[in-house]
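Next up, work28.txt (compact mmCIF, C-alpha atoms and all ligand atoms):
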# COMPACT_ATOMS: atom_id res chain seq x y z
CA MET A 1 0.00 0.00 0.00
CA ILE A 2 1.53 3.30 -1.12
CA PRO A 3 0.64 6.29 1.10
CA MET A 4 -0.48 9.42 -0.75
CA ASN A 5 2.49 11.38 0.58
CA GLU A 6 4.82 9.04 -1.29
CA ILE A 7 3.44 10.23 -4.62
CA ARG A 8 5.60 12.93 -6.18
CA ASN A 9 5.12 14.30 -9.68
CA ILE A 10 1.90 13.49 -11.51
CA TYR A 11 2.43 13.14 -15.24
CA CYS A 12 -0.50 12.52 -17.57
CA VAL A 13 -0.79 11.40 -21.18
CA GLY A 14 -3.48 12.87 -23.41
CA ARG A 15 -5.08 11.11 -26.41
CA ASN A 16 -3.35 7.76 -25.95
CA TYR A 17 -6.27 5.67 -27.25
CA VAL A 18 -7.41 6.16 -30.86
CA ASN A 19 -11.14 5.88 -30.16
CA HIS A 20 -10.94 8.47 -27.36
CA ALA A 21 -9.03 10.97 -29.55
CA LYS A 22 -11.78 10.52 -32.17
CA GLU A 23 -14.70 10.89 -29.77
CA LEU A 24 -13.44 14.41 -28.90
CA ASN A 25 -12.62 15.20 -32.56
CA ASN A 26 -8.90 15.41 -31.84
CA ASP A 27 -6.09 14.31 -34.17
CA VAL A 28 -4.29 11.12 -33.22
CA PRO A 29 -0.88 12.28 -31.93
CA THR A 30 2.44 11.23 -33.47
CA LYS A 31 4.32 11.59 -30.19
CA PRO A 32 3.10 11.49 -26.57
CA LEU A 33 1.05 14.50 -25.48
CA LEU A 34 2.07 15.16 -21.88
CA PHE A 35 0.72 17.40 -19.16
CA SER A 36 0.88 17.31 -15.39
CA LYS A 37 -1.34 17.89 -12.39
CA PRO A 38 -0.39 19.54 -9.10
CA ASN A 39 0.28 17.08 -6.30
CA ARG A 40 -2.48 18.69 -4.26
CA SER A 41 -5.10 17.65 -6.83
CA LEU A 42 -4.73 14.05 -5.56
CA VAL A 43 -7.56 12.36 -3.72
CA LYS A 44 -8.06 8.73 -2.80
CA ALA A 45 -11.10 6.78 -4.04
CA ALA A 46 -11.61 5.28 -0.59
CA GLY A 47 -15.39 5.07 -0.51
CA ASP A 48 -16.01 8.63 0.70
CA ASP A 49 -17.75 11.59 -0.93
CA ILE A 50 -15.49 13.76 -3.09
CA MET A 51 -16.37 17.40 -3.78
CA LEU A 52 -16.06 18.77 -7.32
CA PRO A 53 -16.66 22.24 -8.78
CA GLY A 54 -20.33 22.71 -9.63
CA ASP A 55 -20.01 26.11 -11.29
CA LYS A 56 -17.40 25.65 -14.01
CA GLY A 57 -19.34 23.72 -16.66
CA LYS A 58 -19.01 20.04 -17.43
CA VAL A 59 -16.76 17.86 -15.26
CA HIS A 60 -15.70 14.83 -17.31
CA TYR A 61 -14.40 11.53 -15.97
CA GLU A 62 -11.51 9.75 -17.71
CA ALA A 63 -10.67 6.34 -16.27
CA GLU A 64 -6.98 5.50 -16.64
CA LEU A 65 -4.35 3.00 -15.62
CA ILE A 66 -1.72 4.64 -13.42
CA ILE A 67 1.86 3.46 -13.04
CA ARG A 68 4.18 4.36 -10.17
CA LEU A 69 7.92 4.54 -10.78
CA GLY A 70 10.06 2.88 -8.14
CA LYS A 71 13.43 4.41 -9.03
CA PRO A 72 14.98 7.21 -11.08
CA TYR A 73 14.96 6.80 -14.86
CA GLU A 74 18.13 5.75 -16.61
CA LYS A 75 18.56 5.24 -20.33
CA GLY A 76 17.83 1.66 -21.35
CA ILE A 77 15.80 0.74 -18.25
CA LYS A 78 12.87 -1.58 -18.98
CA VAL A 79 9.29 -0.97 -17.81
CA ASN A 80 9.24 -4.02 -15.58
CA GLU A 81 12.34 -2.78 -13.73
CA LEU A 82 11.17 0.80 -13.35
CA ILE A 83 7.48 0.42 -12.44
CA ASP A 84 6.88 -0.87 -8.92
CA SER A 85 3.11 -0.56 -8.62
CA MET A 86 -0.07 0.38 -10.43
CA ALA A 87 -3.48 1.78 -9.68
CA LEU A 88 -6.56 2.94 -11.52
CA GLY A 89 -7.66 6.53 -11.43
CA LEU A 90 -9.81 9.28 -12.84
CA ASP A 91 -8.21 12.18 -14.68
CA LEU A 92 -11.03 14.65 -14.01
CA THR A 93 -11.35 17.44 -16.54
CA LEU A 94 -13.36 20.65 -16.66
CA ARG A 95 -14.26 20.03 -20.30
CA ASP A 96 -15.82 23.41 -21.08
CA VAL A 97 -12.89 25.22 -19.50
CA GLN A 98 -10.47 23.02 -21.45
CA SER A 99 -12.27 23.76 -24.75
CA GLU A 100 -11.80 27.49 -24.16
CA LEU A 101 -8.12 26.99 -23.24
CA LYS A 102 -7.54 24.88 -26.36
CA LYS A 103 -9.08 27.57 -28.58
CA LYS A 104 -6.66 30.13 -27.14
CA GLY A 105 -3.67 27.78 -27.25
CA HIS A 106 -3.31 28.06 -23.48
CA PRO A 107 -2.05 25.37 -21.08
CA TRP A 108 -4.63 22.94 -19.66
CA LEU A 109 -3.77 23.48 -15.99
CA MET A 110 -6.97 25.29 -15.05
CA ALA A 111 -9.03 22.45 -16.55
CA LYS A 112 -6.97 19.57 -15.14
CA GLY A 113 -5.44 20.84 -11.89
CA PHE A 114 -8.28 21.77 -9.56
CA PRO A 115 -8.55 20.18 -6.08
CA ASN A 116 -9.63 16.49 -6.34
CA ALA A 117 -8.91 16.41 -10.10
CA ALA A 118 -6.64 13.35 -9.71
CA VAL A 119 -8.62 10.49 -8.17
CA ILE A 120 -6.63 7.34 -7.42
CA SER A 121 -7.49 3.87 -6.21
CA ASP A 122 -5.34 1.68 -4.00
CA PHE A 123 -2.01 0.75 -5.53
CA ILE A 124 -1.26 -2.91 -6.19
CA PRO A 125 2.11 -4.45 -7.11
CA PHE A 126 2.83 -4.08 -10.82
CA PRO A 127 2.40 -7.56 -12.31
CA GLY A 128 4.51 -6.83 -15.41
CA GLU A 129 3.49 -5.45 -18.77
CA GLU A 130 2.60 -8.78 -20.36
CA ILE A 131 0.19 -9.73 -17.58
CA CYS A 132 -1.32 -6.23 -17.67
CA LYS A 133 -2.17 -6.80 -21.32
CA GLU A 134 -4.24 -9.83 -20.34
CA LYS A 135 -6.42 -7.78 -17.98
CA ASP A 136 -8.99 -5.08 -18.67
CA PHE A 137 -9.81 -2.06 -16.54
CA ALA A 138 -13.28 -0.60 -16.30
CA LEU A 139 -15.22 2.29 -14.83
CA MET A 140 -18.67 1.62 -13.42
CA ILE A 141 -21.01 4.54 -12.73
CA ASN A 142 -24.01 3.76 -10.54
CA GLY A 143 -23.45 0.08 -11.27
CA LYS A 144 -23.27 0.43 -15.07
CA GLN A 145 -20.04 0.00 -17.05
CA VAL A 146 -19.21 3.16 -19.01
CA GLN A 147 -15.54 2.65 -19.93
CA LEU A 148 -13.50 -0.45 -20.69
CA GLY A 149 -9.79 -0.33 -21.54
CA ASN A 150 -6.72 -2.46 -21.98
CA ILE A 151 -3.17 -1.15 -22.29
CA LYS A 152 -2.85 -3.19 -25.50
CA GLN A 153 -4.94 -0.45 -27.14
CA MET A 154 -2.59 2.39 -26.18
CA ILE A 155 -1.03 4.35 -29.04
CA PHE A 156 2.21 4.80 -27.05
CA ASP A 157 3.05 1.77 -24.92
CA LEU A 158 4.44 1.88 -21.39
CA GLN A 159 8.07 1.65 -22.55
CA THR A 160 7.61 4.58 -24.90
CA LEU A 161 5.93 6.64 -22.17
CA ILE A 162 8.62 6.05 -19.55
CA ASP A 163 11.39 6.70 -22.09
CA TYR A 164 9.67 9.91 -23.18
CA CYS A 165 9.03 11.19 -19.65
CA GLY A 166 12.45 10.06 -18.45
CA THR A 167 14.35 11.66 -21.31
CA HIS A 168 12.48 14.96 -21.51
CA LEU A 169 11.45 15.55 -17.89
CA GLY A 170 13.38 13.11 -15.74
CA THR A 171 11.61 10.90 -13.25
CA SER A 172 12.27 9.91 -9.67
CA GLU A 173 10.94 7.38 -7.21
CA GLY A 174 7.32 8.14 -6.41
CA ASP A 175 6.41 9.78 -9.69
CA ILE A 176 3.18 8.49 -11.21
CA ILE A 177 1.89 8.54 -14.77
CA PHE A 178 -1.77 8.59 -15.81
CA THR A 179 -1.45 6.66 -19.07
CA GLY A 180 -4.51 7.92 -20.95
CA THR A 181 -8.19 7.08 -21.19
CA PRO A 182 -10.10 4.81 -23.56
CA GLU A 183 -13.34 5.87 -25.21
CA GLY A 184 -16.53 6.52 -23.25
CA VAL A 185 -15.69 9.69 -21.31
CA GLY A 186 -18.64 11.76 -20.15
CA SER A 187 -20.09 14.19 -17.62
CA ILE A 188 -20.37 13.60 -13.89
CA THR A 189 -23.65 14.45 -12.23
CA ASP A 190 -24.21 15.16 -8.54
CA GLY A 191 -24.35 11.94 -6.53
CA ASP A 192 -22.72 9.68 -9.13
CA HIS A 193 -21.10 6.63 -7.59
CA MET A 194 -17.92 5.54 -9.34
CA GLU A 195 -16.11 2.25 -9.07
CA LEU A 196 -12.70 1.46 -10.62
CA VAL A 197 -12.44 -2.19 -11.57
CA TRP A 198 -9.30 -4.16 -12.50
CA ASP A 199 -9.87 -7.59 -14.04
CA GLY A 200 -13.17 -7.91 -12.20
CA ASP A 201 -11.85 -6.67 -8.82
CA SER A 202 -12.82 -3.32 -7.32
CA LEU A 203 -9.71 -1.22 -6.53
CA GLY A 204 -11.50 1.92 -5.38
CA GLN A 205 -14.83 3.71 -5.24
CA CYS A 206 -16.24 7.11 -4.39
CA THR A 207 -19.31 9.30 -4.74
CA PHE A 208 -19.06 12.72 -6.35
CA LYS A 209 -20.80 15.81 -4.99
CA LEU A 210 -20.96 18.88 -7.20
CA GLY A 211 -20.86 22.00 -5.05
ZN ZN B 301 -6.72 11.77 -19.35
As structure tokens, how would this structure be written, given the file I've shared?
Amino acid sequence: MIPMNEIRNIYCVGRNYVNHAKELNNDVPTKPLLFSKPNRSLVKAAGDDIMLPGDKGKVHYEAELIIRLGKPYEKGIKVNELIDSMALGLDLTLRDVQSELKKKGHPWLMAKGFPNAAVISDFIPFPGEEICKEKDFALMINGKQVQLGNIKQMIFDLQTLIDYCGTHLGTSEGDIIFTGTPEGVGSITDGDHMELVWDGDSLGQCTFKLG
């Protein structure tokens, strides 16, 4: 179990699944599209209510697989050596705010960095990339499955992502990467109950309150 205070930088990958890029009418990227979230946007999906902004337009959920890096990056390191654990999470996005920012060519921070914008489940030991590819992750809202993903479908695989982050930004122990969302993103409404499911097992749940 990784305590929240052992999470350092939060890197995120945008548009890493073809069908999600298309559902938002975005081009499919030719290299990883990276952004980050402030550490204080983290919140645990531990069964409690989580407050979200109710006055800034649509709040979208994006269910994602999260990897945690167990050591600093060095050239040539393989994913299975570098990643020590994984979780599922929600990269919450103020979609209307983001659309305005995109039009102006501005950074996404105001749409992606608000308090509670990075929801994470419990971490579990990383089983290795090959085993990950045999398991699906899913988001259930009020008992109904709305997203289903598998890292096999990622445009940029885990090795490419860690090499890209490591080379351009550097990584250290405790950094986490939100690896992108599959299709099926949508708006959160007040009282929605979310459950993050890994290969049939619940890793975390919460209820959102819009205030
Ligand atoms: Zn995302």
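The coordinates place atom CA of A:Gln159 at 24.5 Å from atom CA of A:Lys112.
Comparing the minimum interatomic distances between ligand ZN 301 (chain B) and each of A:Leu90, A:Leu24, A:Ile162, A:Ile7, counting all atoms listed in the file, we find that A:Leu90 sits nearest.
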Cut-off 6 Å, only C-alpha atoms and all ligand atoms, neighbours of ligand ZN 301 (chain B) as a ChimeraX atom specification:
/A:14,62,91,180-181
Residue subset to file, keeping C-alpha atoms, as a PDB file, keeping the file's coordinate frame:
ATOM      1  CA  GLY A  14      -3.480  12.870 -23.410  1.00  0.00           C
ATOM      2  CA  GLU A  62     -11.510   9.750 -17.710  1.00  0.00           C
ATOM      3  CA  ASP A  91      -8.210  12.180 -14.680  1.00  0.00           C
ATOM      4  CA  GLY A 180      -4.510   7.920 -20.950  1.00  0.00           C
ATOM      5  CA  THR A 181      -8.190   7.080 -21.190  1.00  0.00           C
TER       6      THR A 181
END
Show me, as a PyMOL selection string, the residues that have an atom within 12 Å of A:Glu195 when counting only C-alpha atoms, minus same-chain residues fewer than 5 positions from it.
chain A and resi 45-48+61+63+88-90+119-122+137-147+200-208
Taking a cut-off of 10 Å and counting all atoms listed in the file, can you build a table that, for each residue of stretch 113-209 of chain A near stretch 71-74 of chain A, reports the nearest atom pair and how far apart they are in Å (one decimal), sorted by chain then residue number, as a Markdown table?
| residue | atom | partner | partner_atom | distance |
| --- | --- | --- | --- | --- |
| A:Ile162 | CA | A:Tyr73 | CA | 7.9 |
| A:Asp163 | CA | A:Tyr73 | CA | 8.1 |
| A:Cys165 | CA | A:Tyr73 | CA | 8.8 |
| A:Gly166 | CA | A:Tyr73 | CA | 5.5 |
| A:Thr167 | CA | A:Tyr73 | CA | 8.1 |
| A:Leu169 | CA | A:Tyr73 | CA | 9.9 |
| A:Gly170 | CA | A:Tyr73 | CA | 6.6 |
| A:Thr171 | CA | A:Pro72 | CA | 5.4 |
| A:Ser172 | CA | A:Pro72 | CA | 4.1 |
| A:Glu173 | CA | A:Lys71 | CA | 4.3 |
| A:Gly174 | CA | A:Lys71 | CA | 7.6 |
| A:Asp175 | CA | A:Lys71 | CA | 8.9 |
So which residues touch A:Ala87 within 9 Å, counting only C-alpha atoms, skipping near sequence neighbours fewer than 4 positions away, as a ChimeraX atom specification?
/A:64-68,120-126,198,203
Write out, as a compact mmCIF listing (two decimals), in the coordinates of the input, the residues just selected, with C-alpha atoms.
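New file result.txt:
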# COMPACT_ATOMS: atom_id res chain seq x y z
CA GLU A 64 -6.98 5.50 -16.64
CA LEU A 65 -4.35 3.00 -15.62
CA ILE A 66 -1.72 4.64 -13.42
CA ILE A 67 1.86 3.46 -13.04
CA ARG A 68 4.18 4.36 -10.17
CA ILE A 120 -6.63 7.34 -7.42
CA SER A 121 -7.49 3.87 -6.21
CA ASP A 122 -5.34 1.68 -4.00
CA PHE A 123 -2.01 0.75 -5.53
CA ILE A 124 -1.26 -2.91 -6.19
CA PRO A 125 2.11 -4.45 -7.11
CA PHE A 126 2.83 -4.08 -10.82
CA TRP A 198 -9.30 -4.16 -12.50
CA LEU A 203 -9.71 -1.22 -6.53
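Interatomic distance, atom CA of A:Leu148 to atom CA of A:Pro107: 28.2 Å.
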Give me the residues near A:Gly70 as a VMD selection string, where near means some atom within 6 Å (using only C-alpha atoms) and where sequence neighbours in that chain fewer than 6 positions away do not count.
chain A and resid 82 to 84 173
How would the residues just picked look written out with C-alpha atoms as a compact mmCIF listing (two decimals), in the frame of the given file?
# COMPACT_ATOMS: atom_id res chain seq x y z
CA LEU A 82 11.17 0.80 -13.35
CA ILE A 83 7.48 0.42 -12.44
CA ASP A 84 6.88 -0.87 -8.92
CA GLU A 173 10.94 7.38 -7.21
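Among the candidates A:Ile155, A:Met110, A:Leu92, A:Leu161, the residue lying nearest to A:Leu34 is A:Leu161 (atoms considered: all atoms listed in the file).
Closest to A:Lys56 among A:Ala118, A:Val197, A:Asp192, A:Val97 is A:Val97, based on only C-alpha atoms.
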Final N, CA, C and O atoms of stretch 24-42 of chain A as an mmCIF file, keeping the file's coordinate frame:
data_model
loop_
_atom_site.group_PDB
_atom_site.id
_atom_site.type_symbol
_atom_site.label_atom_id
_atom_site.label_comp_id
_atom_site.auth_asym_id
_atom_site.auth_seq_id
_atom_site.Cartn_x
_atom_site.Cartn_y
_atom_site.Cartn_z
ATOM 1 N N LEU A 24 -13.513 12.972 -29.185
ATOM 2 C CA LEU A 24 -13.440 14.410 -28.900
ATOM 3 C C LEU A 24 -12.985 15.208 -30.119
ATOM 4 O O LEU A 24 -12.594 16.366 -30.019
ATOM 5 N N ASN A 25 -13.021 14.544 -31.310
ATOM 6 C CA ASN A 25 -12.620 15.200 -32.560
ATOM 7 C C ASN A 25 -11.205 15.756 -32.523
ATOM 8 O O ASN A 25 -10.935 16.829 -33.064
ATOM 9 N N ASN A 26 -10.306 15.017 -31.864
ATOM 10 C CA ASN A 26 -8.900 15.410 -31.840
ATOM 11 C C ASN A 26 -8.116 14.547 -32.826
ATOM 12 O O ASN A 26 -8.484 13.406 -33.105
ATOM 13 N N ASP A 27 -6.998 15.106 -33.335
ATOM 14 C CA ASP A 27 -6.090 14.310 -34.170
ATOM 15 C C ASP A 27 -5.428 13.251 -33.295
ATOM 16 O O ASP A 27 -5.237 13.458 -32.097
ATOM 17 N N VAL A 28 -5.063 12.146 -33.926
ATOM 18 C CA VAL A 28 -4.290 11.120 -33.220
ATOM 19 C C VAL A 28 -2.832 11.583 -33.200
ATOM 20 O O VAL A 28 -2.262 11.898 -34.238
ATOM 21 N N PRO A 29 -2.231 11.682 -32.013
ATOM 22 C CA PRO A 29 -0.880 12.280 -31.930
ATOM 23 C C PRO A 29 0.204 11.374 -32.517
ATOM 24 O O PRO A 29 0.052 10.154 -32.576
ATOM 25 N N THR A 30 1.295 11.992 -32.939
ATOM 26 C CA THR A 30 2.440 11.230 -33.470
ATOM 27 C C THR A 30 3.548 11.097 -32.435
ATOM 28 O O THR A 30 4.512 10.376 -32.648
ATOM 29 N N LYS A 31 3.446 11.835 -31.334
ATOM 30 C CA LYS A 31 4.320 11.590 -30.190
ATOM 31 C C LYS A 31 3.494 11.869 -28.930
ATOM 32 O O LYS A 31 2.446 12.526 -29.009
ATOM 33 N N PRO A 32 3.944 11.358 -27.768
ATOM 34 C CA PRO A 32 3.100 11.490 -26.570
ATOM 35 C C PRO A 32 2.771 12.945 -26.246
ATOM 36 O O PRO A 32 3.633 13.823 -26.337
ATOM 37 N N LEU A 33 1.510 13.165 -25.889
ATOM 38 C CA LEU A 33 1.050 14.500 -25.480
ATOM 39 C C LEU A 33 1.015 14.495 -23.946
ATOM 40 O O LEU A 33 0.192 13.798 -23.350
ATOM 41 N N LEU A 34 1.927 15.221 -23.336
ATOM 42 C CA LEU A 34 2.070 15.160 -21.880
ATOM 43 C C LEU A 34 1.583 16.429 -21.208
ATOM 44 O O LEU A 34 1.723 17.534 -21.747
ATOM 45 N N PHE A 35 1.001 16.252 -20.032
ATOM 46 C CA PHE A 35 0.720 17.400 -19.160
ATOM 47 C C PHE A 35 0.876 16.890 -17.738
ATOM 48 O O PHE A 35 1.167 15.710 -17.516
ATOM 49 N N SER A 36 0.763 17.791 -16.769
ATOM 50 C CA SER A 36 0.880 17.310 -15.390
ATOM 51 C C SER A 36 -0.203 17.939 -14.536
ATOM 52 O O SER A 36 -0.894 18.872 -14.962
ATOM 53 N N LYS A 37 -0.374 17.371 -13.365
ATOM 54 C CA LYS A 37 -1.340 17.890 -12.390
ATOM 55 C C LYS A 37 -0.572 18.236 -11.126
ATOM 56 O O LYS A 37 0.427 17.575 -10.809
ATOM 57 N N PRO A 38 -1.037 19.241 -10.376
ATOM 58 C CA PRO A 38 -0.390 19.540 -9.100
ATOM 59 C C PRO A 38 -0.596 18.380 -8.127
ATOM 60 O O PRO A 38 -1.648 17.727 -8.144
ATOM 61 N N ASN A 39 0.390 18.154 -7.282
ATOM 62 C CA ASN A 39 0.280 17.080 -6.300
ATOM 63 C C ASN A 39 -0.955 17.248 -5.416
ATOM 64 O O ASN A 39 -1.576 16.271 -5.003
ATOM 65 N N ARG A 40 -1.337 18.493 -5.155
ATOM 66 C CA ARG A 40 -2.480 18.690 -4.260
ATOM 67 C C ARG A 40 -3.841 18.448 -4.930
ATOM 68 O O ARG A 40 -4.876 18.543 -4.281
ATOM 69 N N SER A 41 -3.833 18.054 -6.209
ATOM 70 C CA SER A 41 -5.100 17.650 -6.830
ATOM 71 C C SER A 41 -5.431 16.183 -6.532
ATOM 72 O O SER A 41 -6.504 15.698 -6.885
ATOM 73 N N LEU A 42 -4.520 15.474 -5.865
ATOM 74 C CA LEU A 42 -4.730 14.050 -5.560
ATOM 75 C C LEU A 42 -5.812 13.827 -4.521
ATOM 76 O O LEU A 42 -5.888 14.547 -3.525
#
